[in-house]
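As structure tokens, the structure follows; a few thoughts come after it.
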Amino acid sequence: TEEQALEFAVAHEMELDIRREHEPADSIRQIESQTDAPESLVPRSPVVVFMGHVDHGKTSLMDYIRKAHVAKGEAGGITQHIGAYRAPVGDRWVTFLDTPGHAAFTAMRARGAKVTDVAVLVVAADDGVMPQTEEAINHVRAAEVPIVVAINKCDLPQSNPLRVKQQLANLGLQTEEWGGKTICVEVSAVTGANVEKLLEALLLEAEMRELKANPKRDALGTVIEAQLTENFGPVATLLVQNGTLHTGDVVVAGSAYGRVRSLKDEHGRRMKEAGPAVPVRVAGLSQVPVAGDRFYVLDGVSAAKQLAEDNQRQLRQSSLAALRIPRSLEAVFQQMTAAEVRELPLIIKADVQGSVGALRENLEKIAHPEVRVRVIHAGTGGINESDVLLADASNAIILGFNAVPDPTARLLAENRNVSIRQYQIIYDVTDDIRKALEGMLAPRQQENRLGECNVVKTFKISRIGTVAGCMMTDGVINRNARV
């Protein structure tokens, strides 16, 4: 190439020899592209995450599985929580990720970490499907992960599993007994009823997906969580997705690298190696990695160090570029056109359910020969942090119809460069989306947010109108500003 010719010309002029060494980035590409021989693949455990509405029994159900399976025979139960654990079911194992709901699930997926094989949707039999339940379903569907439904609290006298199944059917989750494909198990985290059946259903789902891995290759996987400890320094919880991780292996994860000094399981017991679908706590890294980073095993520390420094430099450059290039509706559409993607993902938030239905129906009716609109989530209420995380993971645009983002969501959207477009007229929404699909969207006037305040009390004064007594919570308020 011209670049190589220039290098050799400069080297010849300075009487230097050029020796082109193996780049660490090439090693990563070779590891990712390496294909395993069919005879080397063996079945592996499924990786499962629990999701659902608040107070529907996710934690109670996981605690029962921990006590009955993970800590079986252990005096004092679990001695060390590492964010992931394994449960034996017969002669097989199931790996659970202990993540705080769908927010962490989506945040990891936004970093490219597709670690979950099956999602367990926990629904309380007495409450039924709630808004966060529907939100969790949309998050799982966006990740293209199969769903197993656990109807919890079936021991309560007011429980109504039939109503829950009807609500799930309305959301597109048809149970097997009603002719659908969704496995649904009625359980109780208090009595332990049908928990064994739930675990067997997870294994059945894993067998249907034919989850396999090669334990004889170098390990690669994902960072589940990490922290800085006083005794061991940076410690990370790694989920091995393929291969086997050994003590003494050289590992690189994002901008962190190092030689594995120790491997520990969920009980804090030392391990010599960790195979596919095994979560393990690792010490010996140079710094704390970020949850969702991929980790790889390399041949030497020098190559791992160089790759970590390259990753750090690329991360800094990408963050600076992201600050300069916000993700607008026009930018997303241009990216879709360049990548020949045939769908425009949208998230709809409105003040009332009727507006949500009307918006969704009108947007999905927009006809275009090359691209179509796909609403990945729609709900009522303000735009929250979970909506921004889902938009970031799915490269979607958030449409707020008489709905405003809360301060946390607004700040997160600015940091992640997620576009939030707010409307008061439904025809403006459909016109903007139609013009974007046709490539005719003109620049729109941007309103700058000055601050926020809470209305404490209102006073009605004749000839003046209504006066609002407000308490400022953020920013400033000016005399001629719009409210």
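Chain labels follow the order of the structure tokens: the first chain is A, the next B, and so on; residue numbering restarts at 1 in every chain, and ligands are counted from 1 in their shown order.
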
Set the distance at 8 Å and use only C-alpha atoms: which residues neighbour Asn395 of chain A once local chain neighbours fewer than 2 positions away are removed? I'd like the list as a count of residues only.
6

Could you pull out the residues in segment 161-363 of chain A that DSSP calls strand (DSSP E) from the backbone, as a ChimeraX atom specification?
/A:183-186,212-213,220-229,233-242,245-246,250-253,256-264,270-271,273-274,278-285,294-298,343-350

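For Gly57 of chain A, the non-local neighbours within 12 Å, defined as residues at least 5 positions apart in the same chain or in other chains and counting only C-alpha atoms, are A:Phe50, A:Met51, A:Gly52, A:Met62, A:Asp63, A:Tyr64, A:Gly101, A:Val120, A:Leu121, A:Val122, A:Val123, A:Ala124, A:Ala125, A:Asp126, A:Asp127, A:Ala150, A:Ile151, A:Asn152, A:Lys153, A:Cys154, A:Val187, A:Ser188, A:Ala189, A:Val190.
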
Could you check how far atom CA of Arg259 of chain A sits from atom CA of Arg217 of chain A, in Å to one decimal?
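Atom CA of Arg217 of chain A lies 17.5 Å from atom CA of Arg259 of chain A.
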